[in-house]
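Chemist: See structure_33.cif below, with mmCIF, C-alpha atoms and all ligand atoms.
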```cif
data_model
#
loop_
_atom_site.group_PDB
_atom_site.id
_atom_site.type_symbol
_atom_site.label_atom_id
_atom_site.label_comp_id
_atom_site.auth_asym_id
_atom_site.auth_seq_id
_atom_site.Cartn_x
_atom_site.Cartn_y
_atom_site.Cartn_z
ATOM 1 C CA MET A 1 -22.929 -10.448 13.830
ATOM 2 C CA SER A 2 -22.204 -7.362 15.969
ATOM 3 C CA VAL A 3 -20.581 -4.380 14.275
ATOM 4 C CA VAL A 4 -17.417 -4.966 16.286
ATOM 5 C CA ASP A 5 -17.284 -8.614 15.181
ATOM 6 C CA ARG A 6 -17.303 -7.399 11.570
ATOM 7 C CA PHE A 7 -13.733 -6.172 12.116
ATOM 8 C CA SER A 8 -12.592 -9.766 12.740
ATOM 9 C CA LEU A 9 -10.360 -11.378 10.070
ATOM 10 C CA ASN A 10 -10.403 -14.854 11.598
ATOM 11 C CA GLY A 11 -9.946 -17.475 8.859
ATOM 12 C CA LYS A 12 -8.798 -14.927 6.277
ATOM 13 C CA VAL A 13 -5.600 -14.981 4.189
ATOM 14 C CA ALA A 14 -3.934 -11.614 3.575
ATOM 15 C CA LEU A 15 -1.132 -10.894 1.082
ATOM 16 C CA VAL A 16 0.710 -7.624 1.689
ATOM 17 C CA THR A 17 3.233 -6.810 -1.027
ATOM 18 C CA GLY A 18 6.672 -5.470 -0.025
ATOM 19 C CA ALA A 19 5.820 -5.678 3.690
ATOM 20 C CA ARG A 20 9.225 -6.289 5.333
ATOM 21 C CA TYR A 21 9.226 -2.776 6.768
ATOM 22 C CA GLY A 22 7.298 0.522 6.865
ATOM 23 C CA ILE A 23 3.619 0.873 6.064
ATOM 24 C CA GLY A 24 3.241 -2.672 4.719
ATOM 25 C CA PHE A 25 4.735 -4.152 7.873
ATOM 26 C CA GLY A 26 2.364 -2.129 10.052
ATOM 27 C CA ILE A 27 -0.673 -3.089 7.984
ATOM 28 C CA ALA A 28 0.352 -6.760 8.133
ATOM 29 C CA GLN A 29 0.581 -6.435 11.927
ATOM 30 C CA VAL A 30 -2.960 -5.168 12.341
ATOM 31 C CA LEU A 31 -4.419 -7.712 9.905
ATOM 32 C CA HIS A 32 -2.689 -10.451 11.912
ATOM 33 C CA GLU A 33 -3.948 -8.941 15.163
ATOM 34 C CA ALA A 34 -7.491 -9.248 13.749
ATOM 35 C CA GLY A 35 -6.925 -12.927 12.927
ATOM 36 C CA ALA A 36 -5.595 -13.066 9.362
ATOM 37 C CA VAL A 37 -2.799 -15.351 8.146
ATOM 38 C CA ILE A 38 -0.086 -13.125 6.647
ATOM 39 C CA ALA A 39 1.801 -13.636 3.383
ATOM 40 C CA PHE A 40 4.223 -11.107 1.905
ATOM 41 C CA ASN A 41 6.738 -10.837 -0.919
ATOM 42 C CA GLN A 42 10.060 -9.118 -1.674
ATOM 43 C CA ARG A 43 12.308 -9.164 -4.725
ATOM 44 C CA LYS A 44 15.285 -10.785 -3.013
ATOM 45 C CA GLN A 45 15.488 -13.971 -0.919
ATOM 46 C CA GLU A 46 17.607 -12.197 1.692
ATOM 47 C CA ASP A 47 14.869 -9.583 2.085
ATOM 48 C CA VAL A 48 12.234 -12.291 2.421
ATOM 49 C CA ASP A 49 14.379 -13.957 5.095
ATOM 50 C CA ALA A 50 14.886 -10.632 6.881
ATOM 51 C CA GLY A 51 11.160 -9.949 6.695
ATOM 52 C CA ILE A 52 10.283 -13.347 8.184
ATOM 53 C CA GLU A 53 12.621 -12.597 11.077
ATOM 54 C CA SER A 54 11.143 -9.115 11.597
ATOM 55 C CA PHE A 55 7.656 -10.585 11.679
ATOM 56 C CA LYS A 56 8.786 -13.307 14.109
ATOM 57 C CA GLU A 57 10.089 -10.592 16.444
ATOM 58 C CA VAL A 58 6.534 -9.267 16.768
ATOM 59 C CA GLY A 59 4.981 -12.710 17.113
ATOM 60 C CA ILE A 60 3.871 -13.230 13.515
ATOM 61 C CA GLU A 61 4.652 -16.437 11.585
ATOM 62 C CA ALA A 62 4.474 -14.802 8.148
ATOM 63 C CA HIS A 63 4.758 -16.688 4.859
ATOM 64 C CA GLY A 64 7.371 -14.993 2.643
ATOM 65 C CA PHE A 65 7.802 -15.288 -1.120
ATOM 66 C CA VAL A 66 10.386 -14.031 -3.594
ATOM 67 C CA CYS A 67 8.398 -12.145 -6.214
ATOM 68 C CA ASP A 68 8.721 -8.891 -8.152
ATOM 69 C CA VAL A 69 5.239 -7.389 -8.520
ATOM 70 C CA THR A 70 6.062 -6.314 -12.082
ATOM 71 C CA ASP A 71 6.805 -9.907 -13.162
ATOM 72 C CA GLU A 72 3.420 -11.353 -14.160
ATOM 73 C CA ALA A 73 4.641 -14.967 -14.387
ATOM 74 C CA ALA A 74 6.241 -14.759 -10.944
ATOM 75 C CA VAL A 75 3.079 -13.155 -9.502
ATOM 76 C CA LEU A 76 0.837 -15.872 -10.940
ATOM 77 C CA ASN A 77 3.179 -18.539 -9.560
ATOM 78 C CA MET A 78 3.240 -16.903 -6.112
ATOM 79 C CA VAL A 79 -0.553 -16.592 -5.960
ATOM 80 C CA SER A 80 -0.993 -20.201 -7.111
ATOM 81 C CA THR A 81 1.471 -21.377 -4.450
ATOM 82 C CA ILE A 82 -0.287 -19.377 -1.730
ATOM 83 C CA GLU A 83 -3.644 -20.806 -2.788
ATOM 84 C CA LYS A 84 -2.266 -24.374 -2.663
ATOM 85 C CA GLU A 85 -0.242 -24.039 0.548
ATOM 86 C CA ILE A 86 -2.242 -21.532 2.613
ATOM 87 C CA GLY A 87 -5.591 -20.788 1.012
ATOM 88 C CA ILE A 88 -7.361 -18.420 -1.373
ATOM 89 C CA ILE A 89 -6.254 -14.813 -0.829
ATOM 90 C CA ASP A 90 -9.116 -12.909 0.810
ATOM 91 C CA ILE A 91 -7.260 -9.609 1.227
ATOM 92 C CA LEU A 92 -4.657 -8.121 -1.127
ATOM 93 C CA VAL A 93 -2.778 -5.028 0.024
ATOM 94 C CA ASN A 94 -0.853 -3.454 -2.881
ATOM 95 C CA ASN A 95 1.790 -1.800 -0.734
ATOM 96 C CA ALA A 96 5.005 -2.346 -2.748
ATOM 97 C CA GLY A 97 6.213 0.902 -4.228
ATOM 98 C CA MET A 98 9.085 3.179 -5.044
ATOM 99 C CA ILE A 99 9.697 6.866 -5.619
ATOM 100 C CA LYS A 100 12.265 8.831 -7.570
ATOM 101 C CA ARG A 101 12.687 12.478 -6.565
ATOM 102 C CA VAL A 102 14.199 14.037 -9.700
ATOM 103 C CA PRO A 103 13.242 17.255 -11.569
ATOM 104 C CA MET A 104 11.151 16.123 -14.533
ATOM 105 C CA LEU A 105 13.499 17.549 -17.129
ATOM 106 C CA GLU A 106 16.302 15.450 -15.615
ATOM 107 C CA LEU A 107 14.224 12.285 -15.335
ATOM 108 C CA SER A 108 14.890 9.704 -18.046
ATOM 109 C CA ALA A 109 11.988 7.987 -19.772
ATOM 110 C CA SER A 110 13.291 4.635 -18.527
ATOM 111 C CA ASP A 111 13.295 5.869 -14.925
ATOM 112 C CA PHE A 112 9.774 7.254 -15.428
ATOM 113 C CA ARG A 113 8.665 3.877 -16.797
ATOM 114 C CA GLN A 114 10.241 2.026 -13.854
ATOM 115 C CA VAL A 115 8.193 4.010 -11.311
ATOM 116 C CA ILE A 116 4.991 3.527 -13.332
ATOM 117 C CA ASP A 117 5.798 -0.188 -13.647
ATOM 118 C CA ILE A 118 6.212 -0.750 -9.917
ATOM 119 C CA ASP A 119 3.626 1.689 -8.523
ATOM 120 C CA LEU A 120 0.860 1.198 -11.093
ATOM 121 C CA THR A 121 1.403 -1.830 -13.337
ATOM 122 C CA GLY A 122 2.412 -3.936 -10.316
ATOM 123 C CA PRO A 123 -0.918 -3.390 -8.496
ATOM 124 C CA PHE A 124 -2.720 -4.130 -11.803
ATOM 125 C CA ILE A 125 -0.830 -7.431 -12.187
ATOM 126 C CA MET A 126 -1.411 -8.347 -8.534
ATOM 127 C CA ALA A 127 -5.140 -7.577 -8.684
ATOM 128 C CA LYS A 128 -5.541 -9.551 -11.938
ATOM 129 C CA ALA A 129 -3.899 -12.540 -10.252
ATOM 130 C CA VAL A 130 -6.107 -12.631 -7.140
ATOM 131 C CA ILE A 131 -9.544 -11.597 -8.498
ATOM 132 C CA PRO A 132 -10.490 -14.913 -10.238
ATOM 133 C CA SER A 133 -10.261 -16.897 -6.985
ATOM 134 C CA MET A 134 -11.947 -14.100 -5.035
ATOM 135 C CA ILE A 135 -14.874 -14.375 -7.466
ATOM 136 C CA LYS A 136 -15.027 -18.160 -6.997
ATOM 137 C CA LYS A 137 -14.878 -17.727 -3.206
ATOM 138 C CA GLY A 138 -17.676 -15.160 -3.180
ATOM 139 C CA GLY A 139 -15.764 -11.971 -2.568
ATOM 140 C CA GLY A 140 -12.582 -10.284 -1.393
ATOM 141 C CA LYS A 141 -10.825 -7.063 -0.466
ATOM 142 C CA ILE A 142 -8.196 -5.143 -2.420
ATOM 143 C CA ILE A 143 -6.474 -2.171 -0.798
ATOM 144 C CA ASN A 144 -4.173 0.004 -2.911
ATOM 145 C CA LEU A 145 -1.622 2.289 -1.271
ATOM 146 C CA CYS A 146 -2.296 5.616 -2.945
ATOM 147 C CA SER A 147 -0.816 8.938 -1.832
ATOM 148 C CA MET A 148 -1.200 12.697 -1.427
ATOM 149 C CA MET A 149 0.247 12.547 -4.934
ATOM 150 C CA SER A 150 -2.928 10.833 -6.068
ATOM 151 C CA GLU A 151 -4.466 14.328 -5.729
ATOM 152 C CA LEU A 152 -1.578 16.819 -5.659
ATOM 153 C CA GLY A 153 1.651 17.413 -7.541
ATOM 154 C CA ARG A 154 4.931 18.774 -6.326
ATOM 155 C CA GLU A 155 8.395 19.365 -7.718
ATOM 156 C CA THR A 156 10.536 16.299 -8.500
ATOM 157 C CA VAL A 157 7.886 13.567 -8.191
ATOM 158 C CA SER A 158 6.337 13.557 -11.693
ATOM 159 C CA ALA A 159 6.568 9.780 -12.212
ATOM 160 C CA TYR A 160 5.323 8.969 -8.713
ATOM 161 C CA ALA A 161 2.388 11.384 -8.955
ATOM 162 C CA ALA A 162 1.438 10.000 -12.376
ATOM 163 C CA ALA A 163 1.551 6.465 -10.984
ATOM 164 C CA LYS A 164 -0.391 7.239 -7.799
ATOM 165 C CA GLY A 165 -2.961 9.265 -9.724
ATOM 166 C CA GLY A 166 -3.386 6.293 -12.022
ATOM 167 C CA LEU A 167 -3.612 3.963 -9.031
ATOM 168 C CA LYS A 168 -6.525 6.041 -7.698
ATOM 169 C CA MET A 169 -8.392 5.502 -10.972
ATOM 170 C CA LEU A 170 -7.388 1.814 -11.210
ATOM 171 C CA THR A 171 -8.891 1.437 -7.705
ATOM 172 C CA LYS A 172 -12.164 2.997 -8.881
ATOM 173 C CA ASN A 173 -12.198 0.864 -12.014
ATOM 174 C CA ILE A 174 -11.640 -2.425 -10.171
ATOM 175 C CA ALA A 175 -14.481 -1.420 -7.819
ATOM 176 C CA SER A 176 -16.700 -0.687 -10.836
ATOM 177 C CA GLU A 177 -15.876 -3.861 -12.757
ATOM 178 C CA TYR A 178 -15.878 -6.397 -9.890
ATOM 179 C CA GLY A 179 -18.181 -4.914 -7.246
ATOM 180 C CA GLU A 180 -20.948 -7.266 -8.391
ATOM 181 C CA TYR A 181 -18.806 -10.220 -7.218
ATOM 182 C CA ASN A 182 -18.667 -8.803 -3.684
ATOM 183 C CA ILE A 183 -15.113 -7.558 -4.229
ATOM 184 C CA GLN A 184 -14.385 -4.215 -2.612
ATOM 185 C CA CYS A 185 -11.378 -2.322 -3.951
ATOM 186 C CA ASN A 186 -10.415 0.805 -2.044
ATOM 187 C CA GLY A 187 -7.327 2.932 -1.536
ATOM 188 C CA ILE A 188 -5.534 4.279 1.471
ATOM 189 C CA GLY A 189 -3.942 7.664 0.825
ATOM 190 C CA PRO A 190 -1.372 8.218 3.563
ATOM 191 C CA GLY A 191 -0.170 11.759 4.187
ATOM 192 C CA TYR A 192 3.486 12.233 5.048
ATOM 193 C CA ILE A 193 4.447 9.212 7.136
ATOM 194 C CA GLU A 194 7.653 8.459 9.046
ATOM 195 C CA THR A 195 9.138 5.561 7.050
ATOM 196 C CA PRO A 196 12.505 4.924 5.355
ATOM 197 C CA GLN A 197 10.979 6.245 2.113
ATOM 198 C CA THR A 198 10.520 9.721 3.622
ATOM 199 C CA ALA A 199 13.675 9.697 5.760
ATOM 200 C CA PRO A 200 15.545 12.002 3.318
ATOM 201 C CA LEU A 201 12.748 14.592 3.722
ATOM 202 C CA ARG A 202 12.966 14.413 7.516
ATOM 203 C CA ALA A 203 16.735 14.837 7.669
ATOM 204 C CA LYS A 204 17.776 17.405 10.321
ATOM 205 C CA ASP A 205 17.095 20.980 9.160
ATOM 206 C CA HIS A 206 15.651 19.744 5.836
ATOM 207 C CA PRO A 207 13.276 22.583 4.765
ATOM 208 C CA PHE A 208 10.643 20.036 3.739
ATOM 209 C CA ASN A 209 10.224 18.985 7.383
ATOM 210 C CA LYS A 210 9.026 22.464 8.452
ATOM 211 C CA PHE A 211 6.971 22.740 5.250
ATOM 212 C CA ILE A 212 5.014 19.569 5.973
ATOM 213 C CA ILE A 213 4.366 20.531 9.579
ATOM 214 C CA GLY A 214 2.920 23.807 8.258
ATOM 215 C CA LYS A 215 0.753 22.019 5.675
ATOM 216 C CA THR A 216 -0.654 19.500 8.139
ATOM 217 C CA PRO A 217 -3.417 20.661 10.561
ATOM 218 C CA ALA A 218 -2.257 17.894 12.926
ATOM 219 C CA ALA A 219 1.118 19.696 12.827
ATOM 220 C CA ARG A 220 3.074 16.447 12.798
ATOM 221 C CA TRP A 221 4.294 13.698 10.487
ATOM 222 C CA GLY A 222 2.079 10.632 10.417
ATOM 223 C CA THR A 223 3.162 7.284 11.768
ATOM 224 C CA VAL A 224 2.461 3.729 10.646
ATOM 225 C CA GLU A 225 0.258 3.390 13.755
ATOM 226 C CA ASP A 226 -2.050 6.052 12.274
ATOM 227 C CA LEU A 227 -2.721 3.786 9.285
ATOM 228 C CA LYS A 228 -3.552 0.555 11.117
ATOM 229 C CA GLY A 229 -7.186 1.313 12.006
ATOM 230 C CA PRO A 230 -8.132 2.547 8.513
ATOM 231 C CA ALA A 231 -6.417 -0.493 6.971
ATOM 232 C CA LEU A 232 -8.316 -2.898 9.220
ATOM 233 C CA PHE A 233 -11.594 -1.153 8.393
ATOM 234 C CA LEU A 234 -11.032 -1.519 4.626
ATOM 235 C CA ALA A 235 -9.807 -5.131 5.008
ATOM 236 C CA SER A 236 -12.831 -6.237 7.053
ATOM 237 C CA SER A 237 -16.534 -6.774 6.437
ATOM 238 C CA ALA A 238 -17.134 -3.531 8.319
ATOM 239 C CA SER A 239 -16.506 -1.847 4.943
ATOM 240 C CA ASP A 240 -18.545 -4.201 2.713
ATOM 241 C CA PHE A 241 -20.524 -1.302 1.225
ATOM 242 C CA VAL A 242 -17.475 0.941 0.761
ATOM 243 C CA ASN A 243 -16.087 0.557 -2.763
ATOM 244 C CA GLY A 244 -13.897 2.673 -5.010
ATOM 245 C CA HIS A 245 -13.072 5.014 -2.143
ATOM 246 C CA ILE A 246 -9.670 6.513 -1.407
ATOM 247 C CA LEU A 247 -9.444 6.919 2.372
ATOM 248 C CA TYR A 248 -6.951 9.721 2.972
ATOM 249 C CA VAL A 249 -5.140 9.354 6.278
ATOM 250 C CA ASP A 250 -3.268 12.632 6.134
ATOM 251 C CA GLY A 251 -3.906 14.580 9.342
ATOM 252 C CA GLY A 252 -5.974 17.021 7.255
ATOM 253 C CA ILE A 253 -3.406 18.017 4.602
ATOM 254 C CA LEU A 254 -5.876 17.812 1.704
ATOM 255 C CA ALA A 255 -8.364 20.007 3.591
ATOM 256 C CA TYR A 256 -5.902 22.751 4.518
ATOM 257 C CA ILE A 257 -4.406 25.702 2.605
ATOM 258 C CA GLY A 258 -1.455 25.724 5.022
ATOM 259 C CA LYS A 259 -0.282 27.811 7.956
ATOM 260 C CA GLN A 260 0.727 31.423 7.255
ATOM 261 C CA PRO A 261 4.564 31.520 7.462
HETATM 262 P P1 LIG B 1 8.592 1.980 0.399
HETATM 263 O O1 LIG B 1 9.955 2.423 0.703
HETATM 264 O O2 LIG B 1 7.783 2.786 -0.559
HETATM 265 O O3 LIG B 1 8.741 0.454 -0.114
HETATM 266 C C1 LIG B 1 7.820 -0.492 0.197
HETATM 267 C C2 LIG B 1 8.326 -1.858 -0.153
HETATM 268 O O4 LIG B 1 8.143 -2.099 -1.542
HETATM 269 C C3 LIG B 1 9.785 -2.255 0.130
HETATM 270 O O5 LIG B 1 9.793 -3.425 0.929
HETATM 271 C C4 LIG B 1 10.340 -2.605 -1.243
HETATM 272 O O6 LIG B 1 11.259 -3.657 -1.228
HETATM 273 C C5 LIG B 1 9.092 -3.068 -1.943
HETATM 274 N N1 LIG B 1 9.213 -3.092 -3.403
HETATM 275 C C6 LIG B 1 9.632 -2.101 -4.208
HETATM 276 N N2 LIG B 1 9.559 -2.492 -5.489
HETATM 277 C C7 LIG B 1 9.087 -3.778 -5.490
HETATM 278 C C8 LIG B 1 8.801 -4.725 -6.495
HETATM 279 N N3 LIG B 1 8.988 -4.435 -7.790
HETATM 280 N N4 LIG B 1 8.329 -5.940 -6.133
HETATM 281 C C9 LIG B 1 8.140 -6.245 -4.828
HETATM 282 N N5 LIG B 1 8.400 -5.377 -3.809
HETATM 283 C C10 LIG B 1 8.868 -4.163 -4.160
HETATM 284 O O7 LIG B 1 7.768 1.854 1.772
HETATM 285 P P2 LIG B 1 6.750 2.809 2.548
HETATM 286 O O8 LIG B 1 7.261 4.199 2.698
HETATM 287 O O9 LIG B 1 6.389 1.991 3.734
HETATM 288 O O10 LIG B 1 5.492 2.939 1.556
HETATM 289 C C11 LIG B 1 4.648 1.831 1.337
HETATM 290 C C12 LIG B 1 3.633 2.237 0.285
HETATM 291 O O11 LIG B 1 2.930 3.400 0.729
HETATM 292 C C13 LIG B 1 4.267 2.607 -1.048
HETATM 293 O O12 LIG B 1 3.397 2.241 -2.101
HETATM 294 C C14 LIG B 1 4.344 4.140 -0.962
HETATM 295 O O13 LIG B 1 4.343 4.743 -2.245
HETATM 296 C C15 LIG B 1 3.089 4.458 -0.227
HETATM 297 N N6 LIG B 1 3.078 5.717 0.506
HETATM 298 C C16 LIG B 1 4.081 6.005 1.382
HETATM 299 C C17 LIG B 1 4.006 7.205 2.107
HETATM 300 C C18 LIG B 1 5.051 7.614 3.091
HETATM 301 O O14 LIG B 1 4.995 8.763 3.545
HETATM 302 N N7 LIG B 1 5.996 6.752 3.434
HETATM 303 C C19 LIG B 1 2.924 8.071 1.930
HETATM 304 C C20 LIG B 1 1.941 7.734 0.989
HETATM 305 C C21 LIG B 1 2.037 6.543 0.288
HETATM 306 P P3 LIG B 1 12.823 -3.391 -1.432
HETATM 307 O O15 LIG B 1 13.377 -3.395 -0.070
HETATM 308 O O16 LIG B 1 13.278 -4.531 -2.261
HETATM 309 O O17 LIG B 1 12.989 -2.076 -2.136
HETATM 310 C C1 LIG B 2 7.385 13.100 -1.440
HETATM 311 C C2 LIG B 2 6.946 12.034 -0.468
HETATM 312 C C3 LIG B 2 5.503 11.699 -0.694
HETATM 313 C C4 LIG B 2 5.077 10.608 0.253
HETATM 314 C C5 LIG B 2 3.655 10.253 0.043
HETATM 315 C C6 LIG B 2 2.749 11.392 0.376
HETATM 316 O O1 LIG B 2 8.528 13.052 -1.884
HETATM 317 O O2 LIG B 2 6.541 13.975 -1.724
HETATM 318 O O3 LIG B 2 7.741 10.887 -0.606
HETATM 319 O O4 LIG B 2 5.288 11.321 -2.010
HETATM 320 O O5 LIG B 2 5.811 9.465 0.056
HETATM 321 O O6 LIG B 2 3.394 9.711 -1.189
HETATM 322 O O7 LIG B 2 1.421 10.895 0.382
#
```
How does this structure look as structure tokens?
Ligand code: NAP
Ligand code: GCO
Modeler:
Amino acid sequence: MSVVDRFSLNGKVALVTGARYGIGFGIAQVLHEAGAVIAFNQRKQEDVDAGIESFKEVGIEAHGFVCDVTDEAAVLNMVSTIEKEIGIIDILVNNAGMIKRVPMLELSASDFRQVIDIDLTGPFIMAKAVIPSMIKKGGGKIINLCSMMSELGRETVSAYAAAKGGLKMLTKNIASEYGEYNIQCNGIGPGYIETPQTAPLRAKDHPFNKFIIGKTPAARWGTVEDLKGPALFLASSASDFVNGHILYVDGGILAYIGKQP
């Protein structure tokens, strides 16, 4: 097989959690472009329906499921249904996530737990659900959406940083425990990307906007397009000997002390 052919996903089934917009939607697009059948999930039927329509608009017949990634019974049911109706999941992208931007001293323990539950326990539950069949099939790919906050802290994102730091280590642990079954588990660590989640930070004249431009050598916000190539690499057999790695797609933020004001 040529190296280029190793990027093909023909015959593969990919599940991208929370993919009706943003980074998950973009990753689903590139996996489909490479030949994969796309499945995704949202918490509400209306969001699943909206997601199916959004995918149709870009030529993708996606399979949508109502499932909260923190609900283990619902996750097991969704995975079982996908396996029966579509096929064993070859590629899991743990994309679903949330963030609360609140000063730690004002953040309730229940709000902290909610972020941990969605951003860390959810990927754990999802990975647990898909790994048994991946082992039976002879291998698989798990990609966890990590973050700059897997490495750095900042004001107001204590829960999110704790979750994404944990997700980095969960990624490494899945790689360690299941690498012998030809399962590769890696992370993508996006920098600051233009999605609805960061829209408040990009509001006109928001000081954070100028701050990020100054902290990014590329001197721009990232886009979902910037993440598609790295996602395809980690989803394909081109990365079969890459395991437990967090691929930061950040325009150089983690390498850079920041521009002098
Ligand atoms: P996002 O706003 O973080 O949300 C992604 C999706 O997750 C939404 O469709 C949301 O559905 C879904 N979701 C939330 N909780 C869920 C649950 N319990 N069960 C199922 N689905 C759930 O989107 P994003 O900005 O595109 O980010 C995608 C991922 O990349 C996230 O993990 C995020 O933390 C990470 N990330 C983002 C950036 C960035 O700059 N945007 C940078 C680094 C990492 P609802 O519509 O129902 O809420
Ligand atoms: C924030 C941002 C970041 C990005 C991303 C950076 O408030 O700092 O939302 O957390 O979402 O995680 O990699």
Chemist: Could you give me the axis-aligned bounding box of ligand LIG 1 (chain B), with 6 Å of padding per side, as centre plus edge lengths in Å to one decimal, as lines of an AutoDock Vina configuration file?
Modeler:
```
center_x = 7.7
center_y = 1.3
center_z = -2.0
size_x = 23.4
size_y = 27.0
size_z = 23.5
```
Chemist: Looking at A:Ile86, A:Ala231, A:Leu145, A:Ala109, which one is nearest to ligand LIG 2 (chain B), with distances taken over all atoms listed in the file?
Modeler: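 Among A:Ile86, A:Ala231, A:Leu145, A:Ala109, it is A:Leu145 that comes nearest to ligand LIG 2 (chain B).
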Chemist: Check every protein, DNA and RNA residue against ligand LIG 2 (chain B), keep those with an atom at most 10 Å away (counting all atoms listed in the file), and present them as a PDB file with C-alpha atoms, keeping the file's coordinate frame.
Modeler:
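Result went into out.pdb, see below:
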```
ATOM      1  CA  GLY A  97       6.213   0.902  -4.228  1.00  0.00           C
ATOM      2  CA  MET A  98       9.085   3.179  -5.044  1.00  0.00           C
ATOM      3  CA  ILE A  99       9.697   6.866  -5.619  1.00  0.00           C
ATOM      4  CA  LYS A 100      12.265   8.831  -7.570  1.00  0.00           C
ATOM      5  CA  ARG A 101      12.687  12.478  -6.565  1.00  0.00           C
ATOM      6  CA  VAL A 102      14.199  14.037  -9.700  1.00  0.00           C
ATOM      7  CA  LEU A 145      -1.622   2.289  -1.271  1.00  0.00           C
ATOM      8  CA  CYS A 146      -2.296   5.616  -2.945  1.00  0.00           C
ATOM      9  CA  SER A 147      -0.816   8.938  -1.832  1.00  0.00           C
ATOM     10  CA  MET A 148      -1.200  12.697  -1.427  1.00  0.00           C
ATOM     11  CA  MET A 149       0.247  12.547  -4.934  1.00  0.00           C
ATOM     12  CA  SER A 150      -2.928  10.833  -6.068  1.00  0.00           C
ATOM     13  CA  GLU A 151      -4.466  14.328  -5.729  1.00  0.00           C
ATOM     14  CA  LEU A 152      -1.578  16.819  -5.659  1.00  0.00           C
ATOM     15  CA  GLY A 153       1.651  17.413  -7.541  1.00  0.00           C
ATOM     16  CA  ARG A 154       4.931  18.774  -6.326  1.00  0.00           C
ATOM     17  CA  GLU A 155       8.395  19.365  -7.718  1.00  0.00           C
ATOM     18  CA  THR A 156      10.536  16.299  -8.500  1.00  0.00           C
ATOM     19  CA  VAL A 157       7.886  13.567  -8.191  1.00  0.00           C
ATOM     20  CA  SER A 158       6.337  13.557 -11.693  1.00  0.00           C
ATOM     21  CA  TYR A 160       5.323   8.969  -8.713  1.00  0.00           C
ATOM     22  CA  ALA A 161       2.388  11.384  -8.955  1.00  0.00           C
ATOM     23  CA  LYS A 164      -0.391   7.239  -7.799  1.00  0.00           C
ATOM     24  CA  ILE A 188      -5.534   4.279   1.471  1.00  0.00           C
ATOM     25  CA  GLY A 189      -3.942   7.664   0.825  1.00  0.00           C
ATOM     26  CA  PRO A 190      -1.372   8.218   3.563  1.00  0.00           C
ATOM     27  CA  GLY A 191      -0.170  11.759   4.187  1.00  0.00           C
ATOM     28  CA  TYR A 192       3.486  12.233   5.048  1.00  0.00           C
ATOM     29  CA  ILE A 193       4.447   9.212   7.136  1.00  0.00           C
ATOM     30  CA  GLU A 194       7.653   8.459   9.046  1.00  0.00           C
ATOM     31  CA  THR A 195       9.138   5.561   7.050  1.00  0.00           C
ATOM     32  CA  PRO A 196      12.505   4.924   5.355  1.00  0.00           C
ATOM     33  CA  GLN A 197      10.979   6.245   2.113  1.00  0.00           C
ATOM     34  CA  THR A 198      10.520   9.721   3.622  1.00  0.00           C
ATOM     35  CA  ALA A 199      13.675   9.697   5.760  1.00  0.00           C
ATOM     36  CA  PRO A 200      15.545  12.002   3.318  1.00  0.00           C
ATOM     37  CA  LEU A 201      12.748  14.592   3.722  1.00  0.00           C
ATOM     38  CA  PHE A 208      10.643  20.036   3.739  1.00  0.00           C
ATOM     39  CA  ILE A 212       5.014  19.569   5.973  1.00  0.00           C
ATOM     40  CA  TYR A 248      -6.951   9.721   2.972  1.00  0.00           C
ATOM     41  CA  VAL A 249      -5.140   9.354   6.278  1.00  0.00           C
ATOM     42  CA  ASP A 250      -3.268  12.632   6.134  1.00  0.00           C
ATOM     43  CA  ILE A 253      -3.406  18.017   4.602  1.00  0.00           C
TER      44      ILE A 253
END
```
Chemist: Using the chain letters and numbers from the file, give me the residues hit by the PyMOL selection byres (((chain A and resi 30) around 8) and not hetatm), as a ChimeraX atom specification.
Modeler: /A:26-29,31-34,228-229,231-232
Chemist: Could you check how far atom CA of Ala19 of chain A sits from atom CA of Ile60 of chain A, in Å to one decimal?
Modeler: 12.5 Å
Chemist: For atom CA of Ser236 of chain A and atom CA of Ser54 of chain A, quote the distance in Å rounded to one decimal.
Modeler: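 Rounded to one decimal, the two atoms are 24.6 Å apart.
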Chemist: Considering all atoms listed in the file, state which residue in the set A:Phe233, A:Phe241, A:Phe40, A:Tyr178 is at the smallest distance from ligand LIG 1 (chain B).
Modeler: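 Distance minimum relative to ligand LIG 1 (chain B) lands on A:Phe40.
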Chemist: Show which residues sit within 8 Å of Lys141 of chain A, as a list in words. Count all atoms listed in the file, and ignore same-chain residues fewer than 6 positions away.
Modeler: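 Residues meeting the cut-off are Asp90, Ile91, Leu92, Ile183, Gln184, Cys185, Leu234, Ala235 and Ser236 of chain A.
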Chemist: List the residues sitting within 12 Å of (16.0, -9.6, 1.7) in the file's frame, using all atoms listed in the file, as a VMD selection string.
Modeler: chain A and resid 18 to 21 40 to 54 64 to 67
Chemist: When you look at Asn186 of chain A with a cut-off of 7 Å (counting only C-alpha atoms), what residues show up, excluding the ones that are within fewer than 6 positions of it in the same chain? I need them as JSON, numbers by chain.
Modeler: {"A": [142, 143, 144, 171, 243, 244, 245, 246]}
Chemist: Go ahead and write the selection's residues with C-alpha atoms as a PDB file, keeping the file's coordinate frame.
Modeler:
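Result written to selection-v8.pdb:
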```pdb
ATOM      1  CA  ILE A 142      -8.196  -5.143  -2.420  1.00  0.00           C
ATOM      2  CA  ILE A 143      -6.474  -2.171  -0.798  1.00  0.00           C
ATOM      3  CA  ASN A 144      -4.173   0.004  -2.911  1.00  0.00           C
ATOM      4  CA  THR A 171      -8.891   1.437  -7.705  1.00  0.00           C
ATOM      5  CA  ASN A 243     -16.087   0.557  -2.763  1.00  0.00           C
ATOM      6  CA  GLY A 244     -13.897   2.673  -5.010  1.00  0.00           C
ATOM      7  CA  HIS A 245     -13.072   5.014  -2.143  1.00  0.00           C
ATOM      8  CA  ILE A 246      -9.670   6.513  -1.407  1.00  0.00           C
TER       9      ILE A 246
END
```
